[in-house]
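Undergrad: One file is attached below, work30.txt, containing compact mmCIF, C-alpha atoms.
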# COMPACT_ATOMS: atom_id res chain seq x y z
CA MET I 227 -13.55 -7.01 14.86
CA THR I 228 -10.41 -5.03 15.61
CA PRO I 229 -7.70 -5.48 12.96
CA SER I 230 -4.15 -6.20 13.93
CA SER I 231 -1.87 -3.76 12.16
CA THR I 232 -0.71 -5.90 9.23
CA ALA I 233 -2.51 -9.24 9.57
CA ILE I 234 -4.56 -10.47 6.63
CA HIS I 235 -8.32 -10.66 7.21
CA THR I 236 -10.92 -12.50 5.12
CA HIS I 237 -14.61 -11.83 4.48
CA SER I 238 -16.42 -14.84 3.01
CA VAL I 239 -20.08 -15.33 2.09
CA PHE I 240 -22.26 -17.89 0.32
CA LEU I 241 -24.05 -16.41 -2.72
CA LYS I 242 -26.72 -17.35 -5.22
CA GLN I 243 -27.63 -15.12 -8.15
CA GLY I 244 -30.80 -13.09 -7.92
CA SER I 245 -31.64 -10.36 -10.45
CA ALA I 246 -28.28 -8.54 -10.18
CA ALA I 247 -25.70 -9.22 -12.92
CA VAL I 248 -22.81 -8.40 -10.56
CA THR I 249 -22.34 -8.90 -6.82
CA ARG I 250 -19.73 -7.02 -4.77
CA VAL I 251 -18.10 -8.46 -1.65
CA HIS I 252 -16.31 -5.71 0.30
CA LEU I 253 -13.78 -5.93 3.14
CA GLY I 254 -13.11 -2.59 4.82
CA PHE I 255 -10.57 -1.35 7.36
CA ILE I 256 -12.03 1.78 8.95
CA THR I 257 -12.12 4.22 11.88
CA GLY I 258 -9.08 6.07 13.12
CA GLY I 259 -6.68 5.88 10.20
CA THR I 260 -6.78 6.15 6.45
CA SER I 261 -9.66 3.87 5.45
CA ASN I 262 -8.71 1.15 3.01
CA PHE I 263 -10.53 -1.75 1.44
CA ALA I 264 -10.49 -4.86 -0.72
CA ILE I 265 -13.27 -5.52 -3.23
CA ALA I 266 -14.20 -8.62 -5.24
CA ASP I 267 -16.84 -8.06 -7.96
CA LEU I 268 -18.41 -11.30 -9.23
CA THR I 269 -19.93 -11.15 -12.74
CA TRP I 270 -22.52 -13.92 -12.75
CA SER I 271 -22.66 -14.56 -16.52
CA THR I 272 -18.97 -15.52 -16.70
CA LEU I 273 -18.18 -16.22 -13.02
CA ALA I 274 -15.25 -13.82 -13.44
CA VAL I 275 -14.03 -11.96 -10.35
CA ALA I 276 -12.44 -8.50 -10.58
CA LEU I 277 -10.32 -7.30 -7.66
CA SER I 278 -9.71 -3.72 -6.61
CA GLY I 279 -8.90 -1.73 -3.51
CA THR I 280 -6.35 0.11 -1.43
CA ALA I 281 -5.66 -2.60 1.16
CA SER I 282 -2.45 -4.63 0.91
CA ASN I 283 -2.21 -8.32 -0.08
CA ILE I 284 -5.60 -8.42 -1.86
CA SER I 285 -6.77 -11.84 -3.08
CA TYR I 286 -9.97 -13.79 -3.61
CA LYS I 287 -11.28 -17.34 -3.75
CA LEU I 288 -14.43 -18.53 -5.55
CA GLU I 289 -15.74 -21.97 -4.62
CA ASP I 290 -18.54 -23.78 -6.50
CA CYS I 291 -20.77 -25.39 -3.85
CA GLY I 292 -23.21 -26.84 -6.41
CA GLY I 293 -26.80 -25.92 -7.22
CA GLY I 294 -25.87 -22.41 -8.36
CA ILE I 295 -24.39 -21.58 -4.94
CA TYR I 296 -20.89 -20.11 -4.67
CA ARG I 297 -18.74 -19.09 -1.74
CA LEU I 298 -16.81 -15.91 -2.51
CA SER I 299 -14.11 -14.64 -0.20
CA VAL I 300 -11.95 -11.54 -0.39
CA SER I 301 -8.81 -11.07 1.70
CA GLY I 302 -6.53 -8.16 2.43
CA SER I 303 -4.47 -6.50 5.12
CA ASN I 304 -4.83 -3.13 6.77
CA SER I 305 -2.57 -0.58 5.11
CA GLY I 306 -4.01 2.32 7.15
CA GLY I 307 -2.21 1.41 10.36
CA ALA I 308 -4.38 3.21 12.90
CA ASN I 309 -7.72 1.73 11.80
CA THR I 310 -9.63 0.15 14.65
CA ALA I 311 -12.45 -1.74 12.88
CA VAL I 312 -12.96 -4.27 10.10
CA SER I 313 -16.25 -4.55 8.20
CA GLY I 314 -17.68 -6.82 5.57
CA THR I 315 -20.55 -6.04 3.21
CA VAL I 316 -22.31 -7.61 0.22
CA VAL I 317 -23.91 -5.38 -2.42
CA PRO I 318 -25.90 -6.49 -5.49
CA ALA I 319 -24.92 -4.87 -8.79
CA GLY I 320 -21.60 -3.52 -7.51
CA VAL I 321 -21.61 0.25 -7.10
CA ALA I 322 -25.20 0.67 -8.38
CA GLY I 323 -26.62 -1.40 -5.51
CA THR I 324 -29.71 -2.41 -7.49
CA GLY I 325 -31.20 -5.83 -8.03
CA THR I 326 -31.05 -8.82 -5.71
CA VAL I 327 -28.60 -11.46 -4.59
CA TYR I 328 -29.12 -14.26 -2.08
CA ALA I 329 -26.40 -14.13 0.58
CA TRP I 330 -25.93 -16.09 3.80
CA GLY I 331 -23.28 -17.56 6.07
CA ALA I 332 -21.07 -14.46 6.01
CA GLN I 333 -17.93 -14.66 8.14
CA LEU I 334 -15.19 -12.18 8.94
CA THR I 335 -11.97 -13.80 10.14
CA ALA I 336 -8.43 -12.73 11.01
CA THR I 337 -6.99 -15.31 8.60
CA ALA I 338 -5.47 -15.19 5.11
CA PHE I 339 -8.04 -17.71 3.81
CA PRO I 340 -11.71 -18.56 4.28
CA VAL I 341 -12.28 -20.95 7.17
CA PRO I 342 -14.96 -23.65 7.33
CA TYR I 343 -18.41 -22.26 7.98
CA VAL I 344 -19.19 -22.08 11.70
CA PRO I 345 -22.94 -21.72 12.34
CA THR I 346 -23.93 -19.59 15.33
CA THR I 347 -27.16 -18.35 16.84
CA SER I 348 -26.64 -15.63 19.42
CA ALA I 349 -23.28 -16.40 21.01
CA THR I 350 -19.68 -16.35 19.82
CA VAL I 351 -18.31 -19.76 18.84
CA VAL I 352 -14.64 -20.69 19.00
CA ARG I 353 -13.59 -23.08 16.24
CA ASN I 354 -10.79 -25.59 16.30
CA ALA I 355 -7.45 -24.55 14.78
CA ASP I 356 -6.81 -25.44 11.12
Kindly present the structure from the file in structure tokens form.

TA:
Amino acid sequence: MTPSSTAIHTHSVFLKQGSAAVTRVHLGFITGGTSNFAIADLTWSTLAVALSGTASNISYKLEDCGGGIYRLSVSGSNSGGANTAVSGTVVPAGVAGTGTVYAWGAQLTATAFPVPYVPTTSATVVRNAD
């Protein structure tokens, strides 16, 4: 996805705890400018979320979907200006990257909030406006 210069983007993913005590959801603005990012670290024992990063307008949303499944989203806007790509990653155990986490339904959107999950197979799907 190519970021617009100051628009807010959101990376959302459904998660279930594996062996990792912490799970990191990362939204990155990269390639061509000063890379910047927004990070949401979910601590499973308390369901607390810690935010960090160099992107602008950083926020998060944690939704309880039942059955130990949560949807975590992190949002932010590109403060690097010339960056030409947006990426989203999920890492168990934060920086350490050890342990496991179950993750599925990841979406990267050019919106300030997570949008309803849109299942796809091999082709791009256009969703209705909110």

Undergrad: What does the distance from atom CA of I:Leu298 to atom CA of I:Ser238 come to in Å, to one decimal?

TA: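 These two atoms are separated by 5.6 Å.
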
Undergrad: Could you give me, as a VMD selection string, the residues within 8 Å of stretch 299-306 of chain I, counting only C-alpha atoms and dropping anything in the same chain fewer than 4 positions from it?

TA: chain I and resid 229 to 239 251 to 253 255 259 to 266 280 to 288 338 to 340

Undergrad: For a test of reading the model, state the distance in Å between atom CA of I:Gly325 and atom CA of I:Ala247, rounded to one decimal.

TA: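 Interatomic distance, atom CA of I:Gly325 to atom CA of I:Ala247: 8.1 Å.
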
Undergrad: Compile the contact shell of I:Leu268 as a list in words: residues with an atom at most 8 Å away, counting only C-alpha atoms, same-chain residues fewer than 5 positions apart removed.

TA: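 So, after excluding close chain neighbours, the residues are Val248, Thr249, Arg250, Leu273, Ala274, Val275 and Ala276 of chain I.
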
Undergrad: I'd like the interatomic distance between atom CA of I:Thr257 and atom CA of I:Ala322, to a tenth of an Å.

TA: 24.4 Å

Undergrad: Which one is closest to I:Ile256: I:Asn309, I:Gln243, I:Thr315, I:Thr337? Count only C-alpha atoms.

TA: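 Going through I:Asn309, I:Gln243, I:Thr315, I:Thr337 one by one, the smallest distance to I:Ile256 is for I:Asn309.
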
Undergrad: Using all atoms listed in the file, which residue out of I:Val344, I:Ala311, I:Ala329, I:Ala336 lies closest to I:Gly254?

TA: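 Ranked by minimum distance to I:Gly254, first place goes to I:Ala311.
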
Undergrad: Can you work out which one of I:Gly331, I:Gly314, I:Gly323, I:Gly279 has the shortest atom-to-atom distance to I:Ser245, counting all atoms listed in the file?

TA: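 Closest to I:Ser245, using all atoms listed in the file: I:Gly323.
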
Undergrad: Tell me which of I:Ala246, I:Ile295, I:Leu241, I:Ala349 sits closest to I:Thr326, counting only C-alpha atoms.

TA: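 Closest to I:Thr326, using only C-alpha atoms: I:Ala246.
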
Undergrad: Where atoms are absent from stretch 251-265 of chain I, fill them in so it carries N, CA and C atoms, then output it as a PDB file, in the coordinates of the input.

TA:
ATOM      1  N   VAL I 251     -18.436  -8.096  -3.017  1.00  0.00           N
ATOM      2  CA  VAL I 251     -18.100  -8.460  -1.650  1.00  0.00           C
ATOM      3  C   VAL I 251     -16.973  -7.520  -1.228  1.00  0.00           C
ATOM      4  N   HIS I 252     -17.187  -6.806  -0.126  1.00  0.00           N
ATOM      5  CA  HIS I 252     -16.310  -5.710   0.300  1.00  0.00           C
ATOM      6  C   HIS I 252     -15.756  -5.993   1.686  1.00  0.00           C
ATOM      7  N   LEU I 253     -14.460  -5.827   1.854  1.00  0.00           N
ATOM      8  CA  LEU I 253     -13.780  -5.930   3.140  1.00  0.00           C
ATOM      9  C   LEU I 253     -13.177  -4.569   3.428  1.00  0.00           C
ATOM     10  N   GLY I 254     -13.584  -3.936   4.532  1.00  0.00           N
ATOM     11  CA  GLY I 254     -13.110  -2.590   4.820  1.00  0.00           C
ATOM     12  C   GLY I 254     -12.370  -2.483   6.142  1.00  0.00           C
ATOM     13  N   PHE I 255     -11.315  -1.692   6.148  1.00  0.00           N
ATOM     14  CA  PHE I 255     -10.570  -1.350   7.360  1.00  0.00           C
ATOM     15  C   PHE I 255     -10.852   0.125   7.616  1.00  0.00           C
ATOM     16  N   ILE I 256     -11.489   0.429   8.740  1.00  0.00           N
ATOM     17  CA  ILE I 256     -12.030   1.780   8.950  1.00  0.00           C
ATOM     18  C   ILE I 256     -11.771   2.284  10.363  1.00  0.00           C
ATOM     19  N   THR I 257     -12.087   3.548  10.591  1.00  0.00           N
ATOM     20  CA  THR I 257     -12.120   4.220  11.880  1.00  0.00           C
ATOM     21  C   THR I 257     -10.736   4.466  12.478  1.00  0.00           C
ATOM     22  N   GLY I 258     -10.291   5.674  12.412  1.00  0.00           N
ATOM     23  CA  GLY I 258      -9.080   6.070  13.120  1.00  0.00           C
ATOM     24  C   GLY I 258      -7.863   6.285  12.246  1.00  0.00           C
ATOM     25  N   GLY I 259      -7.817   5.709  11.096  1.00  0.00           N
ATOM     26  CA  GLY I 259      -6.680   5.880  10.200  1.00  0.00           C
ATOM     27  C   GLY I 259      -7.193   6.195   8.811  1.00  0.00           C
ATOM     28  N   THR I 260      -6.354   5.989   7.831  1.00  0.00           N
ATOM     29  CA  THR I 260      -6.780   6.150   6.450  1.00  0.00           C
ATOM     30  C   THR I 260      -7.539   4.899   6.071  1.00  0.00           C
ATOM     31  N   SER I 261      -8.845   5.031   5.803  1.00  0.00           N
ATOM     32  CA  SER I 261      -9.660   3.870   5.450  1.00  0.00           C
ATOM     33  C   SER I 261      -9.106   3.211   4.203  1.00  0.00           C
ATOM     34  N   ASN I 262      -9.117   1.883   4.197  1.00  0.00           N
ATOM     35  CA  ASN I 262      -8.710   1.150   3.010  1.00  0.00           C
ATOM     36  C   ASN I 262      -9.572  -0.084   2.892  1.00  0.00           C
ATOM     37  N   PHE I 263      -9.550  -0.709   1.717  1.00  0.00           N
ATOM     38  CA  PHE I 263     -10.530  -1.750   1.440  1.00  0.00           C
ATOM     39  C   PHE I 263     -10.027  -2.722   0.386  1.00  0.00           C
ATOM     40  N   ALA I 264     -10.705  -3.867   0.333  1.00  0.00           N
ATOM     41  CA  ALA I 264     -10.490  -4.860  -0.720  1.00  0.00           C
ATOM     42  C   ALA I 264     -11.859  -5.224  -1.266  1.00  0.00           C
ATOM     43  N   ILE I 265     -11.995  -5.253  -2.583  1.00  0.00           N
ATOM     44  CA  ILE I 265     -13.270  -5.520  -3.230  1.00  0.00           C
ATOM     45  C   ILE I 265     -13.118  -6.659  -4.221  1.00  0.00           C
TER      46      ILE I 265
END
